[in-house]
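Visitor: Got a file for you: entry-v3.txt, compact mmCIF, C-alpha atoms.
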# COMPACT_ATOMS: atom_id res chain seq x y z
CA MET A 1 43.03 -179.85 -155.75
CA ASN A 2 44.45 -178.11 -152.75
CA PRO A 3 43.72 -180.14 -149.56
CA THR A 4 43.71 -177.11 -147.35
CA THR A 5 40.89 -175.44 -149.21
CA ASN A 6 38.67 -178.54 -149.31
CA SER A 7 38.97 -179.49 -145.61
CA PRO A 8 36.01 -178.41 -143.54
CA PRO A 9 36.67 -175.52 -141.13
CA ALA A 10 37.34 -176.54 -137.50
CA ALA A 11 34.33 -176.15 -135.26
CA PRO A 12 35.14 -173.51 -132.63
CA GLY A 13 32.76 -175.14 -130.16
CA GLY A 14 34.69 -178.45 -130.28
CA VAL A 15 37.96 -176.86 -129.18
CA ARG A 16 36.18 -174.91 -126.48
CA ASN A 17 34.46 -178.06 -125.13
CA ARG A 18 37.76 -179.95 -125.15
CA ASN A 19 39.41 -177.12 -123.18
CA ARG A 20 36.58 -177.12 -120.65
CA ILE A 21 36.86 -180.89 -120.16
CA MET A 22 40.63 -180.54 -119.71
CA LEU A 23 40.14 -177.74 -117.14
CA ILE A 24 37.58 -179.80 -115.19
CA ALA A 25 39.92 -182.81 -115.24
CA ILE A 26 42.82 -180.73 -113.89
CA PHE A 27 40.55 -179.26 -111.22
CA ALA A 28 39.38 -182.76 -110.20
CA ILE A 29 42.95 -184.10 -110.04
CA PHE A 30 44.11 -181.33 -107.70
CA PHE A 31 41.03 -180.63 -105.59
CA GLY A 32 39.29 -184.03 -105.63
CA PRO A 33 41.53 -185.60 -102.95
CA ILE A 34 41.13 -182.54 -100.72
CA LEU A 35 37.35 -182.69 -101.02
CA LEU A 36 37.37 -186.45 -100.36
CA ALA A 37 39.58 -186.04 -97.27
CA TRP A 38 37.30 -183.29 -95.95
CA VAL A 39 34.18 -185.46 -96.40
CA LEU A 40 35.84 -188.47 -94.75
CA ASN A 41 37.10 -186.38 -91.83
CA ALA A 42 33.73 -184.69 -91.34
CA ASN A 43 32.12 -188.12 -91.07
CA HIS A 44 34.93 -189.57 -88.90
CA LEU A 45 35.76 -192.17 -91.56
CA ILE A 46 39.51 -191.58 -91.92
CA PRO A 47 41.38 -194.77 -91.02
CA GLY A 48 43.76 -194.24 -88.12
CA ALA A 49 42.04 -191.01 -87.06
CA LYS A 50 40.28 -192.70 -84.17
CA THR A 51 41.01 -191.42 -80.70
CA ALA A 52 40.76 -193.08 -77.31
CA GLY A 53 39.28 -189.90 -75.92
CA GLU A 54 35.82 -188.67 -76.77
CA ARG A 55 35.99 -186.19 -79.66
CA LEU A 56 33.89 -183.23 -78.66
CA GLN A 57 31.24 -182.16 -81.17
CA PRO A 58 31.00 -179.25 -81.29
CA ILE A 59 34.48 -178.32 -80.13
CA VAL A 60 34.39 -176.05 -77.07
CA ASP A 61 35.97 -172.63 -77.70
CA LEU A 62 37.71 -171.17 -74.64
CA ARG A 63 39.66 -168.45 -76.47
CA THR A 64 37.50 -165.65 -75.13
CA THR A 65 37.04 -167.23 -71.69
CA GLU A 66 39.05 -165.48 -69.02
CA VAL A 67 40.87 -168.29 -67.24
CA ARG A 68 42.50 -167.41 -63.90
CA LEU A 69 45.27 -169.18 -62.05
CA ALA A 70 44.84 -169.97 -58.34
CA ASP A 71 46.96 -166.89 -57.46
CA GLY A 72 44.46 -164.67 -59.35
CA SER A 73 46.68 -163.93 -62.36
CA ARG A 74 45.31 -164.39 -65.87
CA TYR A 75 46.18 -167.54 -67.82
CA ALA A 76 47.02 -166.78 -71.47
CA TRP A 77 46.61 -169.31 -74.28
CA ALA A 78 49.69 -168.04 -76.21
CA PRO A 79 49.24 -170.08 -79.43
CA ALA A 80 52.76 -169.23 -80.64
CA GLN A 81 54.18 -171.51 -77.92
CA ARG A 82 52.39 -174.53 -79.53
CA MET A 83 51.37 -175.77 -76.07
CA ARG A 84 48.87 -178.63 -75.69
CA ARG A 85 47.07 -178.78 -72.36
CA MET A 86 45.56 -181.50 -70.21
CA LEU A 87 42.82 -179.92 -68.09
CA VAL A 88 41.69 -181.88 -65.03
CA ILE A 89 38.39 -180.91 -63.41
CA ALA A 90 38.67 -182.39 -59.93
CA PRO A 91 35.60 -182.81 -57.72
CA PRO A 92 35.76 -181.39 -54.15
CA ALA A 93 36.58 -184.67 -52.38
CA CYS A 94 38.52 -186.73 -54.90
CA GLY A 95 41.27 -188.07 -52.63
CA ALA A 96 43.26 -191.15 -53.68
CA PRO A 97 41.84 -191.45 -57.24
CA CYS A 98 42.94 -187.88 -58.01
CA ALA A 99 46.37 -188.51 -56.46
CA ARG A 100 46.82 -191.54 -58.75
CA GLN A 101 45.58 -189.55 -61.72
CA ALA A 102 48.01 -186.70 -61.00
CA ALA A 103 50.91 -189.16 -60.76
CA ASP A 104 49.85 -190.93 -63.97
CA LEU A 105 49.56 -187.64 -65.88
CA ASP A 106 53.00 -186.58 -64.62
CA LYS A 107 54.48 -189.89 -65.87
CA LEU A 108 52.61 -189.53 -69.13
CA ARG A 109 54.09 -186.11 -69.70
CA ALA A 110 57.61 -187.36 -68.89
CA ILE A 111 57.30 -190.13 -71.52
CA PHE A 112 57.32 -187.52 -74.29
CA GLY A 113 60.91 -186.44 -73.54
CA LYS A 114 61.78 -183.25 -75.41
CA ASP A 115 58.18 -182.86 -76.60
CA ALA A 116 57.03 -182.68 -72.96
CA GLU A 117 57.88 -178.97 -72.98
CA HIS A 118 54.84 -178.53 -75.25
CA LEU A 119 52.47 -180.26 -72.83
CA GLU A 120 51.03 -178.49 -69.80
CA LEU A 121 48.87 -179.79 -66.95
CA LEU A 122 46.02 -177.50 -65.84
CA TRP A 123 44.23 -178.52 -62.63
CA MET A 124 40.95 -177.04 -61.44
CA GLY A 125 39.79 -178.08 -58.00
CA PRO A 126 41.70 -179.27 -54.94
CA TYR A 127 45.12 -180.67 -55.84
CA PRO A 128 45.73 -183.96 -54.00
CA GLU A 129 48.21 -183.98 -51.13
CA GLY A 130 51.38 -185.93 -51.81
CA ALA A 131 50.86 -185.92 -55.58
CA PRO A 132 53.84 -184.84 -57.71
CA ARG A 133 53.97 -181.18 -58.66
CA PRO A 134 55.62 -181.05 -62.08
CA SER A 135 56.97 -177.77 -63.42
CA SER A 136 54.22 -177.85 -66.06
CA LEU A 137 51.45 -177.85 -63.41
CA ARG A 138 49.21 -174.78 -63.41
CA LEU A 139 46.60 -174.66 -60.64
CA LEU A 140 43.48 -172.86 -61.82
CA ALA A 141 41.04 -170.88 -59.73
CA ASP A 142 37.72 -172.68 -59.44
CA ASP A 143 35.44 -171.14 -62.05
CA PRO A 144 31.80 -172.30 -62.30
CA ALA A 145 31.43 -170.53 -65.68
CA LEU A 146 34.34 -172.49 -67.14
CA ARG A 147 33.01 -175.75 -65.68
CA ALA A 148 29.63 -175.02 -67.26
CA LYS A 149 31.21 -174.69 -70.73
CA LEU A 150 32.79 -178.14 -70.52
CA PRO A 151 30.59 -181.14 -71.31
CA ARG A 152 30.04 -183.44 -68.33
CA ALA A 153 32.60 -181.65 -66.14
CA SER A 154 30.88 -182.90 -62.99
CA ASP A 155 31.22 -186.65 -62.85
CA ALA A 156 30.37 -188.74 -59.79
CA LYS A 157 33.08 -191.26 -60.76
CA GLY A 158 35.96 -188.78 -60.42
CA ALA A 159 37.89 -186.19 -62.40
CA PRO A 160 37.48 -185.99 -66.19
CA VAL A 161 40.43 -184.79 -68.27
CA TYR A 162 40.14 -182.53 -71.32
CA VAL A 163 42.75 -181.95 -74.02
CA ILE A 164 43.03 -178.37 -75.23
CA ASP A 165 44.88 -177.32 -78.39
CA PRO A 166 47.32 -174.35 -78.51
CA TYR A 167 44.56 -171.92 -79.48
CA GLY A 168 42.16 -172.69 -76.62
CA PHE A 169 39.84 -175.22 -78.28
CA VAL A 170 38.82 -178.19 -76.13
CA ILE A 171 39.03 -181.14 -78.51
CA LEU A 172 38.96 -184.35 -76.42
CA ARG A 173 37.43 -185.57 -73.16
CA TYR A 174 38.53 -188.56 -71.09
CA ALA A 175 36.13 -190.01 -68.54
CA PRO A 176 37.33 -190.58 -64.97
CA GLY A 177 39.34 -193.77 -64.63
CA PHE A 178 40.49 -193.79 -68.28
CA ASP A 179 43.55 -195.75 -69.40
CA VAL A 180 46.45 -193.28 -69.52
CA SER A 181 48.30 -195.40 -72.10
CA LEU A 182 45.46 -194.75 -74.57
CA MET A 183 45.70 -191.02 -73.92
CA ARG A 184 49.43 -191.26 -74.70
CA LYS A 185 48.60 -192.41 -78.24
CA ASP A 186 46.24 -189.47 -78.78
CA LEU A 187 48.74 -186.96 -77.42
CA ALA A 188 51.57 -188.45 -79.50
CA LYS A 189 49.52 -187.76 -82.64
CA LEU A 190 48.78 -184.20 -81.53
CA LEU A 191 52.39 -183.43 -80.60
CA LYS A 192 53.59 -184.68 -84.01
CA MET A 193 51.46 -182.00 -85.66
CA GLN A 194 53.70 -179.21 -84.34
Spit out the file's structure as C-alpha cells when you get a sec.
Guide:
Amino acid sequence: MNPTTNSPPAAPGGVRNRNRIMLIAIFAIFFGPILLAWVLNANHLIPGAKTAGERLQPIVDLRTTEVRLADGSRYAWAPAQRMRRMLVIAPPACGAPCARQAADLDKLRAIFGKDAEHLELLWMGPYPEGAPRPSSLRLLADDPALRAKLPRASDAKGAPVYVIDPYGFVILRYAPGFDVSLMRKDLAKLLKMQ
C-alpha cells in the first residue's frame, strides 16, 4: 500500500486559516505597541510624561496668526530652525514681579548652554525697566487678537508664560509665580527632542 495515496488530502481552508493567524500575529507584534503608546498618551497615562506646566487641551494653533514685533515687522515661526519659544503675556502694570520673571527666564535660558540657541523669549506687554535684555528677547507688539487666542492670558496675579513649539503650536501654560526650576525640566525634555 502506498502511503501517499491513502493519506487524506490537505484541507485548503486549514492552511489559509493558519496563514491568517500568522499575519494577524505579525501585525499585532509590530503595531500593537504603537497603538498602546497612542492610547496611553491620549489619556495622559505615560509614566514620566508629566509636565510642571499645564498641558493645553486643545493645543492652540498660532501658525496662521500674524504675529508682529514691537517695531512692526512680522515675526516668522521658521520651523526649520527648531526654535522653542517662551511667550510672556505681561499685564500693563507688572513692575517688580515681571522684572524678577524676566531675570529668571534669562537665567533659565542660560542654563541650557549650547541648546539655548534653540530657545527664544517672546514678550508681549511692557518690558520691565532694569531687567536683562538677552539676545534671544523679541518684544512683540500688543495684539488683543493674539491674547484672546491664549487661554487665561489675563491674570490678576501677574504674567503667565506659554511654551510654543517650532511650528507655532502653544503646548504649555505656566501660571504667574510658577517655579522656574520646574519649567527647566519641561524645556529640557522638549529640547532633547530636536
Visitor: Quick one: contact table of stretch 65-98 of chain A to stretch 111-134 of chain A, 8 Å max, nearest atom pair and distance in Å to one decimal per residue, counting all atoms listed in the file, chain and number order, as JSON lines?
Guide:
{"residue": "A:Gln81", "atom": "CA", "partner": "A:His118", "partner_atom": "CA", "distance": 7.5}
{"residue": "A:Arg82", "atom": "CA", "partner": "A:His118", "partner_atom": "CA", "distance": 6.3}
{"residue": "A:Met83", "atom": "CA", "partner": "A:His118", "partner_atom": "CA", "distance": 4.5}
{"residue": "A:Arg84", "atom": "CA", "partner": "A:Leu119", "partner_atom": "CA", "distance": 4.9}
{"residue": "A:Arg85", "atom": "CA", "partner": "A:Glu120", "partner_atom": "CA", "distance": 4.7}
{"residue": "A:Met86", "atom": "CA", "partner": "A:Leu121", "partner_atom": "CA", "distance": 5.0}
{"residue": "A:Leu87", "atom": "CA", "partner": "A:Leu122", "partner_atom": "CA", "distance": 4.6}
{"residue": "A:Val88", "atom": "CA", "partner": "A:Trp123", "partner_atom": "CA", "distance": 4.8}
{"residue": "A:Ile89", "atom": "CA", "partner": "A:Met124", "partner_atom": "CA", "distance": 5.0}
{"residue": "A:Ala90", "atom": "CA", "partner": "A:Gly125", "partner_atom": "CA", "distance": 4.9}
{"residue": "A:Pro91", "atom": "CA", "partner": "A:Gly125", "partner_atom": "CA", "distance": 6.3}
{"residue": "A:Pro92", "atom": "CA", "partner": "A:Pro126", "partner_atom": "CA", "distance": 6.4}
{"residue": "A:Ala93", "atom": "CA", "partner": "A:Pro126", "partner_atom": "CA", "distance": 7.9}
{"residue": "A:Cys94", "atom": "CA", "partner": "A:Pro128", "partner_atom": "CA", "distance": 7.8}
{"residue": "A:Gly95", "atom": "CA", "partner": "A:Pro128", "partner_atom": "CA", "distance": 6.2}
{"residue": "A:Ala96", "atom": "CA", "partner": "A:Pro128", "partner_atom": "CA", "distance": 7.6}
{"residue": "A:Cys98", "atom": "CA", "partner": "A:Pro128", "partner_atom": "CA", "distance": 6.3}
Visitor: Using only C-alpha atoms, can you tell me which of A:Pro33, A:Pro160, A:Gly168, A:Pro151 comes closest to A:Gln101?
Guide: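 Of A:Pro33, A:Pro160, A:Gly168, A:Pro151, the one nearest A:Gln101, counting only C-alpha atoms, is A:Pro160.
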Visitor: Would you please work out which residue, of A:Glu66, A:Asp106, A:Asp186, A:Asp143, is nearest to A:Tyr162 when using only C-alpha atoms?
Guide: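 Closest residue, counting only C-alpha atoms: A:Asp186.
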Visitor: Calculate how many Å separate atom CA of A:Val170 from atom CA of A:Gly72, rounding to one decimal.
Guide: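 Going from atom CA of A:Val170 over to atom CA of A:Gly72 covers 22.3 Å.
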Visitor: So which residues fall inside 10 Å of (40.1, -195.7, -62.7) if we count all atoms listed in the file? Mind giving them as an MDAnalysis selection string?
Guide: chainID A and resid 97:98 100:101 157:159 175:180
Visitor: Take atom CA of A:Pro58 and atom CA of A:Ser136 and report the distance between them in Å, one decimal.
Guide: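 Computed distance, atom CA of A:Pro58 to atom CA of A:Ser136, equals 27.8 Å.
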Visitor: Select, counting only C-alpha atoms, all protein, DNA and RNA residues no farther than 12 Å from (34.2, -186.9, -73.9) in file coordinates, and express the selection as an mmCIF file with C-alpha atoms, keeping the file's coordinate frame.
Guide:
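The resulting point_2.cif:
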data_model
loop_
_atom_site.group_PDB
_atom_site.id
_atom_site.type_symbol
_atom_site.label_atom_id
_atom_site.label_comp_id
_atom_site.auth_asym_id
_atom_site.auth_seq_id
_atom_site.Cartn_x
_atom_site.Cartn_y
_atom_site.Cartn_z
ATOM 1 C CA THR A 51 41.010 -191.420 -80.700
ATOM 2 C CA ALA A 52 40.760 -193.080 -77.310
ATOM 3 C CA GLY A 53 39.280 -189.900 -75.920
ATOM 4 C CA GLU A 54 35.820 -188.670 -76.770
ATOM 5 C CA ARG A 55 35.990 -186.190 -79.660
ATOM 6 C CA LEU A 56 33.890 -183.230 -78.660
ATOM 7 C CA GLN A 57 31.240 -182.160 -81.170
ATOM 8 C CA PRO A 58 31.000 -179.250 -81.290
ATOM 9 C CA ILE A 59 34.480 -178.320 -80.130
ATOM 10 C CA VAL A 60 34.390 -176.050 -77.070
ATOM 11 C CA LEU A 150 32.790 -178.140 -70.520
ATOM 12 C CA PRO A 151 30.590 -181.140 -71.310
ATOM 13 C CA ARG A 152 30.040 -183.440 -68.330
ATOM 14 C CA ALA A 153 32.600 -181.650 -66.140
ATOM 15 C CA ASP A 155 31.220 -186.650 -62.850
ATOM 16 C CA PRO A 160 37.480 -185.990 -66.190
ATOM 17 C CA VAL A 161 40.430 -184.790 -68.270
ATOM 18 C CA TYR A 162 40.140 -182.530 -71.320
ATOM 19 C CA VAL A 163 42.750 -181.950 -74.020
ATOM 20 C CA VAL A 170 38.820 -178.190 -76.130
ATOM 21 C CA ILE A 171 39.030 -181.140 -78.510
ATOM 22 C CA LEU A 172 38.960 -184.350 -76.420
ATOM 23 C CA ARG A 173 37.430 -185.570 -73.160
ATOM 24 C CA TYR A 174 38.530 -188.560 -71.090
ATOM 25 C CA ALA A 175 36.130 -190.010 -68.540
ATOM 26 C CA PRO A 176 37.330 -190.580 -64.970
ATOM 27 C CA PHE A 178 40.490 -193.790 -68.280
#
